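Structure file entry02.tsv (TSV, C-alpha atoms) follows.
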```tsv
chain	number	residue	atom	x	y	z
T	1	MET	CA	41.29	-76.62	-2.95
T	2	ARG	CA	38.60	-74.82	-5.05
T	3	ARG	CA	37.48	-76.89	-8.02
T	4	ALA	CA	37.22	-75.34	-11.46
T	5	MET	CA	33.68	-74.70	-12.76
T	6	THR	CA	32.71	-77.17	-15.40
T	7	THR	CA	31.85	-75.89	-18.85
T	8	PRO	CA	28.12	-76.91	-18.76
T	9	VAL	CA	27.53	-75.14	-15.43
T	10	ALA	CA	29.24	-71.98	-16.61
T	11	ALA	CA	27.14	-71.91	-19.72
T	12	LEU	CA	23.95	-72.31	-17.68
T	13	ILE	CA	24.80	-69.36	-15.40
T	14	ALA	CA	25.76	-67.13	-18.32
T	15	GLY	CA	22.46	-67.90	-20.00
T	16	ALA	CA	20.52	-67.03	-16.88
T	17	LEU	CA	22.33	-63.70	-16.57
T	18	LEU	CA	21.60	-62.84	-20.17
T	19	ALA	CA	17.96	-63.74	-19.71
T	20	GLY	CA	17.71	-61.43	-16.66
T	21	CYS	CA	19.01	-58.49	-18.73
T	22	ALA	CA	16.62	-59.07	-21.61
T	23	ALA	CA	14.14	-56.28	-22.38
T	24	THR	CA	10.69	-56.53	-20.83
T	25	ALA	CA	7.79	-56.13	-23.23
T	26	GLY	CA	7.10	-52.43	-23.84
T	27	VAL	CA	10.43	-51.26	-22.45
T	28	ASP	CA	13.19	-50.36	-24.87
T	29	GLY	CA	16.00	-50.28	-22.32
T	30	ASP	CA	16.98	-46.67	-23.10
T	31	LEU	CA	16.85	-44.70	-19.81
T	32	THR	CA	17.22	-41.27	-21.37
T	33	ASP	CA	14.59	-40.91	-24.06
T	34	ASP	CA	11.34	-41.33	-22.04
T	35	TRP	CA	11.70	-38.33	-19.62
T	36	ALA	CA	10.02	-35.04	-20.50
T	37	ALA	CA	12.44	-32.11	-20.66
T	38	PRO	CA	12.08	-29.76	-17.66
T	39	ALA	CA	10.27	-26.50	-18.37
T	40	ALA	CA	12.48	-23.50	-18.99
T	41	ALA	CA	12.94	-21.36	-15.89
T	42	GLY	CA	10.82	-18.20	-16.08
T	43	PRO	CA	10.98	-14.89	-14.21
T	44	PHE	CA	9.51	-14.80	-10.71
T	45	THR	CA	6.22	-12.91	-10.29
T	46	PRO	CA	4.48	-12.49	-6.89
T	47	ALA	CA	0.76	-13.16	-6.44
T	48	PRO	CA	-1.95	-10.64	-5.47
T	49	GLY	CA	-4.43	-11.21	-2.66
T	50	VAL	CA	-1.88	-12.76	-0.30
T	51	CYS	CA	-0.05	-11.44	2.76
T	52	GLN	CA	3.51	-11.25	4.07
T	53	VAL	CA	4.58	-11.82	7.67
T	54	GLY	CA	7.58	-9.50	7.42
T	55	ASP	CA	7.74	-5.75	6.93
T	56	PHE	CA	7.46	-4.05	3.55
T	57	THR	CA	10.67	-3.85	1.52
T	58	ASP	CA	11.27	-1.72	-1.58
T	59	THR	CA	12.57	-4.73	-3.51
T	60	VAL	CA	11.61	-8.40	-3.23
T	61	ALA	CA	13.83	-11.37	-4.14
T	62	LEU	CA	12.53	-14.86	-4.87
T	63	ASP	CA	14.35	-16.37	-1.88
T	64	ALA	CA	12.70	-13.81	0.44
T	65	TYR	CA	9.19	-14.26	-0.95
T	66	ALA	CA	7.04	-16.13	1.57
T	67	PRO	CA	3.33	-15.44	1.01
T	68	VAL	CA	0.79	-16.55	3.63
T	69	ASP	CA	-2.96	-16.62	3.90
T	70	CYS	CA	-4.18	-13.30	5.31
T	71	ALA	CA	-5.83	-15.18	8.20
T	72	VAL	CA	-2.28	-15.61	9.52
T	73	ALA	CA	-0.77	-12.71	11.51
T	74	HIS	CA	0.94	-10.45	8.97
T	75	ARG	CA	2.15	-6.90	8.31
T	76	VAL	CA	1.72	-6.49	4.53
T	77	GLU	CA	-1.10	-7.35	2.10
T	78	THR	CA	-0.61	-7.36	-1.66
T	79	VAL	CA	-3.68	-5.88	-3.35
T	80	HIS	CA	-2.46	-5.87	-6.96
T	81	VAL	CA	0.50	-6.88	-9.12
T	82	GLY	CA	1.13	-4.86	-12.28
T	83	ALA	CA	3.81	-4.99	-14.96
T	84	PHE	CA	6.22	-2.65	-16.69
T	85	PRO	CA	6.91	-3.12	-20.42
T	86	ALA	CA	8.85	-6.34	-21.06
T	87	ASP	CA	11.46	-4.52	-23.15
T	88	ARG	CA	12.37	-2.03	-20.42
T	89	ALA	CA	16.10	-2.34	-19.77
T	90	ASP	CA	16.40	-0.98	-16.21
T	91	PRO	CA	14.14	-0.65	-13.16
T	92	PRO	CA	12.45	2.77	-12.90
T	93	ALA	CA	14.18	5.24	-10.61
T	94	THR	CA	12.42	6.90	-7.69
T	95	GLY	CA	10.62	9.98	-8.96
T	96	SER	CA	10.54	8.77	-12.57
T	97	PRO	CA	7.31	9.05	-14.59
T	98	ASP	CA	7.10	5.25	-14.83
T	99	LEU	CA	7.28	4.75	-11.08
T	100	ARG	CA	4.75	7.53	-10.48
T	101	GLY	CA	2.52	5.80	-13.01
T	102	ALA	CA	2.89	2.51	-11.12
T	103	PHE	CA	1.91	4.27	-7.89
T	104	ALA	CA	-1.15	5.80	-9.59
T	105	GLU	CA	-2.25	2.33	-10.71
T	106	CYS	CA	-1.67	0.95	-7.21
T	107	ASP	CA	-3.60	3.89	-5.75
T	108	ALA	CA	-6.65	3.12	-7.86
T	109	ARG	CA	-6.42	-0.63	-7.25
T	110	ALA	CA	-6.03	-0.21	-3.48
T	111	THR	CA	-9.06	2.08	-3.35
T	112	GLY	CA	-11.13	-0.51	-5.19
T	113	TYR	CA	-9.77	-3.27	-2.96
T	114	VAL	CA	-10.72	-1.68	0.37
T	115	GLY	CA	-13.93	-0.03	-0.87
T	116	ASP	CA	-12.98	3.64	-0.40
T	117	ASP	CA	-9.92	5.85	-0.72
T	118	TRP	CA	-7.38	3.92	1.36
T	119	ARG	CA	-6.25	7.24	2.89
T	120	ALA	CA	-9.63	7.41	4.65
T	121	GLY	CA	-8.25	4.73	6.96
T	122	ARG	CA	-5.13	4.06	8.99
T	123	LEU	CA	-3.45	2.56	5.98
T	124	ARG	CA	-0.26	3.04	3.97
T	125	LEU	CA	0.27	2.05	0.35
T	126	ALA	CA	3.70	1.32	-1.07
T	127	VAL	CA	5.13	-0.10	-4.31
T	128	ALA	CA	7.71	-2.92	-4.33
T	129	LEU	CA	9.89	-3.86	-7.30
T	130	PRO	CA	12.07	-6.84	-8.26
T	131	THR	CA	15.69	-6.85	-7.15
T	132	ARG	CA	18.30	-6.00	-9.80
T	133	PRO	CA	19.18	-9.71	-10.23
T	134	GLY	CA	15.46	-10.45	-10.59
T	135	TRP	CA	15.12	-7.67	-13.15
T	136	ALA	CA	18.11	-9.07	-15.06
T	137	ALA	CA	16.38	-12.48	-15.05
T	138	GLY	CA	13.30	-10.97	-16.74
T	139	SER	CA	11.01	-9.88	-13.89
T	140	ARG	CA	9.08	-6.72	-14.80
T	141	TRP	CA	6.40	-6.65	-12.10
T	142	TYR	CA	5.51	-4.08	-9.49
T	143	ARG	CA	3.64	-5.01	-6.32
T	144	CYS	CA	1.03	-2.85	-4.58
T	145	ASP	CA	1.24	-3.42	-0.82
T	146	LEU	CA	-1.03	-2.11	1.96
T	147	SER	CA	-0.19	-2.03	5.66
T	148	GLU	CA	-2.30	-1.04	8.66
T	149	LEU	CA	-0.83	1.73	10.84
T	150	THR	CA	-1.32	2.74	14.45
T	151	THR	CA	-1.89	6.34	13.32
T	152	VAL	CA	-1.48	8.46	10.20
T	153	GLU	CA	0.45	11.05	12.20
T	154	ALA	CA	4.25	11.26	12.28
T	155	ALA	CA	4.66	8.54	14.95
T	156	ALA	CA	3.00	5.86	12.79
T	157	ALA	CA	4.01	2.22	13.27
T	158	VAL	CA	2.92	-0.82	11.27
T	159	VAL	CA	0.33	-3.08	12.93
T	160	THR	CA	0.58	-6.87	12.91
T	161	ARG	CA	-2.96	-7.86	11.96
T	162	THR	CA	-5.06	-10.87	10.99
T	163	GLY	CA	-7.70	-10.86	8.27
T	164	SER	CA	-7.74	-9.33	4.81
T	165	LEU	CA	-8.22	-5.64	4.08
T	166	ARG	CA	-10.53	-6.44	1.18
T	167	ASP	CA	-13.70	-4.28	1.56
T	168	ALA	CA	-12.35	-3.02	4.92
T	169	LEU	CA	-13.58	0.54	4.24
T	170	LYS	CA	-16.86	-0.27	2.49
T	171	GLY	CA	-18.79	0.61	5.63
T	172	PRO	CA	-18.14	1.60	9.24
T	173	SER	CA	-14.74	0.38	10.36
T	174	ALA	CA	-12.32	0.85	13.24
T	175	LEU	CA	-9.75	1.61	10.55
T	176	ARG	CA	-11.60	4.72	9.40
T	177	LEU	CA	-10.39	8.19	10.27
T	178	GLY	CA	-13.07	10.24	11.97
T	179	CYS	CA	-13.36	12.73	14.78
T	180	GLN	CA	-10.16	14.02	16.38
T	181	ARG	CA	-8.82	16.02	19.27
T	182	THR	CA	-6.02	18.41	18.46
T	183	ARG	CA	-2.83	19.08	20.34
T	184	THR	CA	-1.41	22.46	19.44
T	185	GLY	CA	2.22	23.50	19.33
T	186	PRO	CA	4.21	26.73	19.09
T	187	GLY	CA	2.36	29.44	17.16
T	188	ARG	CA	-1.05	27.89	18.06
T	189	GLY	CA	-0.89	25.57	15.06
T	190	VAL	CA	-2.07	21.95	15.26
T	191	GLN	CA	0.81	19.66	16.12
T	192	VAL	CA	-0.92	16.28	16.58
T	193	LEU	CA	-4.36	14.83	15.82
T	194	LEU	CA	-5.63	12.21	18.28
T	195	PRO	CA	-8.61	9.93	17.49
T	196	ALA	CA	-11.78	10.61	19.49
T	197	GLU	CA	-15.30	9.20	19.60
T	198	CYS	CA	-17.58	11.66	17.83
T	199	ALA	CA	-20.00	11.57	20.78
T	200	THR	CA	-17.27	12.98	23.03
T	201	ALA	CA	-15.93	16.53	22.97
T	202	HIS	CA	-13.61	17.06	20.02
T	203	ASP	CA	-12.42	19.94	17.88
T	204	ALA	CA	-11.42	18.33	14.57
T	205	GLU	CA	-12.67	15.79	12.04
T	206	PHE	CA	-11.31	14.05	8.96
T	207	VAL	CA	-13.28	15.32	5.96
T	208	GLY	CA	-11.65	13.60	2.97
T	209	VAL	CA	-8.74	13.61	0.56
T	210	TRP	CA	-7.59	16.24	-1.91
T	211	LYS	CA	-5.49	15.04	-4.84
T	212	ALA	CA	-2.73	17.55	-5.50
T	213	PRO	CA	-1.52	18.16	-9.07
T	214	ASP	CA	1.85	16.86	-10.22
T	215	ARG	CA	4.04	19.61	-8.84
T	216	PRO	CA	7.11	19.80	-6.55
T	217	TYR	CA	6.72	19.05	-2.86
T	218	PRO	CA	5.75	22.19	-0.87
T	219	THR	CA	8.69	23.75	0.94
T	220	ARG	CA	7.77	27.45	1.18
T	221	ASP	CA	4.71	29.09	2.71
T	222	ALA	CA	3.39	29.98	-0.74
T	223	ASP	CA	3.67	26.34	-1.85
T	224	TRP	CA	1.23	25.29	0.86
T	225	LEU	CA	-1.57	27.66	-0.17
T	226	PRO	CA	-3.00	25.33	-2.89
T	227	LEU	CA	-3.14	22.47	-0.36
T	228	TYR	CA	-5.16	24.57	2.09
T	229	ALA	CA	-7.44	25.79	-0.69
T	230	GLY	CA	-7.97	22.23	-1.93
T	231	CYS	CA	-8.77	20.93	1.55
T	232	ARG	CA	-11.20	23.79	2.18
T	233	SER	CA	-13.17	22.68	-0.89
T	234	VAL	CA	-13.19	19.09	0.44
T	235	LEU	CA	-14.36	20.42	3.82
T	236	ALA	CA	-17.20	22.43	2.23
T	237	ARG	CA	-18.54	19.37	0.39
T	238	TYR	CA	-18.29	17.18	3.51
T	239	VAL	CA	-20.16	19.56	5.81
T	240	GLY	CA	-22.51	20.97	3.16
T	241	VAL	CA	-21.60	24.64	3.31
T	242	PRO	CA	-20.75	27.11	0.53
T	243	ASP	CA	-17.20	27.00	-0.76
T	244	ASP	CA	-16.77	30.74	-0.65
T	245	ALA	CA	-14.77	33.48	1.07
T	246	ASP	CA	-16.73	32.99	4.30
T	247	LEU	CA	-15.57	29.37	4.66
T	248	ARG	CA	-12.39	30.38	6.48
T	249	PHE	CA	-14.58	32.06	9.11
T	250	ARG	CA	-16.53	28.86	9.67
T	251	SER	CA	-13.63	26.51	10.32
T	252	GLY	CA	-9.90	26.13	10.24
T	253	VAL	CA	-8.33	23.34	8.21
T	254	VAL	CA	-5.49	20.92	8.93
T	255	VAL	CA	-3.66	19.42	5.96
T	256	ARG	CA	-1.64	16.21	6.12
T	257	PRO	CA	0.22	15.60	2.85
T	258	PRO	CA	2.41	12.53	2.33
T	259	GLY	CA	6.08	12.90	3.19
T	260	ALA	CA	8.55	14.25	0.66
T	261	GLY	CA	9.80	10.78	-0.28
T	262	ARG	CA	6.31	9.41	-0.90
T	263	TRP	CA	5.41	12.58	-2.82
T	264	ARG	CA	8.40	11.99	-5.09
T	265	ALA	CA	7.29	8.39	-5.62
T	266	GLY	CA	3.89	9.58	-6.86
T	267	ASP	CA	1.63	9.91	-3.80
T	268	ARG	CA	-0.39	13.13	-4.19
T	269	GLY	CA	-3.20	12.42	-1.73
T	270	VAL	CA	-3.56	15.05	1.00
T	271	ARG	CA	-5.62	14.13	4.07
T	272	CYS	CA	-7.89	17.03	5.08
T	273	HIS	CA	-9.37	17.82	8.50
T	274	LEU	CA	-11.68	20.56	9.71
T	275	TRP	CA	-10.50	22.32	12.87
T	276	LEU	CA	-12.63	24.27	15.35
T	277	SER	CA	-10.07	26.44	17.08
T	278	ASP	CA	-12.67	28.16	19.26
T	279	ARG	CA	-14.99	25.36	20.43
T	280	THR	CA	-15.67	21.65	20.67
T	281	VAL	CA	-18.62	19.59	19.45
T	282	THR	CA	-20.06	16.19	20.42
T	283	ALA	CA	-21.22	14.92	17.03
T	284	SER	CA	-19.89	14.52	13.52
T	285	LEU	CA	-20.30	17.56	11.30
T	286	LYS	CA	-20.79	15.51	8.14
T	287	GLY	CA	-23.75	17.03	6.28
T	288	ALA	CA	-24.42	19.43	9.17
T	289	GLY	CA	-24.78	22.41	6.83
T	290	PRO	CA	-24.47	26.11	7.77
T	291	ALA	CA	-26.28	25.58	11.07
T	292	GLY	CA	-23.68	23.07	12.19
T	293	LEU	CA	-20.76	25.18	10.98
T	294	PRO	CA	-21.87	28.79	11.26
T	295	VAL	CA	-19.77	31.79	10.28
T	296	ARG	CA	-17.82	32.91	13.34
T	297	THR	CA	-18.17	36.60	14.21
T	298	LYS	CA	-15.17	36.73	16.56
```
Show me, as structure tokens, the structure contained in the file I just sent.
Amino acid sequence: MRRAMTTPVAALIAGALLAGCAATAGVDGDLTDDWAAPAAAGPFTPAPGVCQVGDFTDTVALDAYAPVDCAVAHRVETVHVGAFPADRADPPATGSPDLRGAFAECDARATGYVGDDWRAGRLRLAVALPTRPGWAAGSRWYRCDLSELTTVEAAAAVVTRTGSLRDALKGPSALRLGCQRTRTGPGRGVQVLLPAECATAHDAEFVGVWKAPDRPYPTRDADWLPLYAGCRSVLARYVGVPDDADLRFRSGVVVRPPGAGRWRAGDRGVRCHLWLSDRTVTASLKGAGPAGLPVRTK
């Protein structure tokens, strides 16, 4: 039979319990007033100068953002992050002046990042935006992303690479476009340009980029004439020959504008190539002058 606790013992235990709950010096016993309030959640903004393992996407959500050091194998490198006005209500539509302006800023930043016009290499520039939920949460950034390509021709594929593209075109580089061999198609026009060592026989060479004015994408024969004229001027400066009526008798020209979708997004850079339809050479024609690119008489 359990005996009842005596009054003195009960009092002793109660006192001990009360003593154990007494406040320690410097502690007020309130568990809610000494924690700093968490910072307010802000809009997500990606970082420049980092890389992404996955392929480029037009929009980027926070839960899909996984930047890595560019020493890790990757397919996209962010060269700049810009911002639209904070009070803009909706994301800019493809073809809008604001999105074309973002591309122009990315164009300039990418050129500075790699050390030359990025189109002088096997590179592609694209602009990524926040998702609509991200935009609604306050994100107003745009991201300028570069990717290395296997070719700048129609069959281009993205390369998984290691190492940053920073200063990649400041000097000689395997990324640079240079001498080419042509493959012609119906009508004797150039169908494909294939890279070639300049010391081997070739009949074409990348000569630079012509920036087209802000006009609709060329669809008719007449629309293409300004592109050919622009590239001929680029060719003349590259080789060091007069930009006159005789230029067309010195060399043909191959123009490679961006696709219609990229044109609408703001890309106006046309890649220009000289084309020797009647002969091959075994050296670069850069700075060769009239002797290297004489007027053809036939």
So which residues touch Ser173 (chain T) within 12 Å, counting only C-alpha atoms, skipping near sequence neighbours fewer than 4 positions away, as a VMD selection string? chain T and resid 114 to 116 120 to 122 165 167 to 169 177 to 178
Expected file contents, prior selection, C-alpha atoms, as a compact mmCIF listing (two decimals), in the frame of the given file:
```
# COMPACT_ATOMS: atom_id res chain seq x y z
CA VAL T 114 -10.72 -1.68 0.37
CA GLY T 115 -13.93 -0.03 -0.87
CA ASP T 116 -12.98 3.64 -0.40
CA ALA T 120 -9.63 7.41 4.65
CA GLY T 121 -8.25 4.73 6.96
CA ARG T 122 -5.13 4.06 8.99
CA LEU T 165 -8.22 -5.64 4.08
CA ASP T 167 -13.70 -4.28 1.56
CA ALA T 168 -12.35 -3.02 4.92
CA LEU T 169 -13.58 0.54 4.24
CA LEU T 177 -10.39 8.19 10.27
CA GLY T 178 -13.07 10.24 11.97
```
Among the residues T:Val158, T:Ala291, T:Val152, T:Cys179, the one that comes closest to Arg271 (chain T) [using all atoms listed in the file]: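 Looking at the shortest contact to Arg271 (chain T), the residue is T:Val152.
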Excluding Ala229 (chain T) and residues on its chain fewer than 3 positions from it, collect all residues at most 10 Å away from it, counting all atoms listed in the file, and give them as a ChimeraX atom specification. /T:210,224-226,232-235,243,248,253,255
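Minimum atom-to-atom distances from T:Ala104, T:Val53, T:Leu194, T:Val239 to Ser147 (chain T) were compared using all atoms listed in the file, and the lowest value belongs to T:Val53.
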Could you tell me, as a list in words, which residues have any atom at most 6 Å from (2.2, 4.4, -3.1), counting all atoms listed in the file?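 Residues with an atom at most 6 Å from (2.2, 4.4, -3.1): Phe103, Leu125, Ala126, Val127 and Asp267 of chain T.
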Between T:Ala199, T:Ala260, T:Val79, T:Ala86, single out the one closest to Ala136 (chain T), counting all atoms listed in the file. T:Ala86
CA of Pro46 (chain T) to CA of Gly134 (chain T), distance in Å rounded to a single decimal: 11.8 Å
Step by step: start from the point (5.1, 5.4, 9.8) in the file's coordinates, keep every protein, DNA or RNA residue that has an atom no farther than 12 Å from it, count only C-alpha atoms, and write the set as a ChimeraX atom specification. /T:55-56,122-126,147-159,258-259,262
Quote the spacing between CA of Tyr217 (chain T) and CA of Ala236 (chain T) in Å to one decimal place. 24.7 Å
With all atoms of region 51-62 of chain T from the file as input, state the centre and edge lengths in Å to one decimal of the axis-aligned box that has 5 Å extra on each side, as AutoDock Vina command-line options.
```
--center_x 6.9 --center_y -8.3 --center_z 1.4 --size_x 23.9 --size_y 23.1 --size_z 22.5
```
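Put simply, CA of Gly292 (chain T) is 26.9 Å away from CA of Gly185 (chain T).
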Choose the residue, out of T:Asp107, T:Asp87, T:Asp203, T:Asp223, that has the smallest atom-to-atom separation from Arg119 (chain T); count only C-alpha atoms.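 Closest candidate: T:Asp107.
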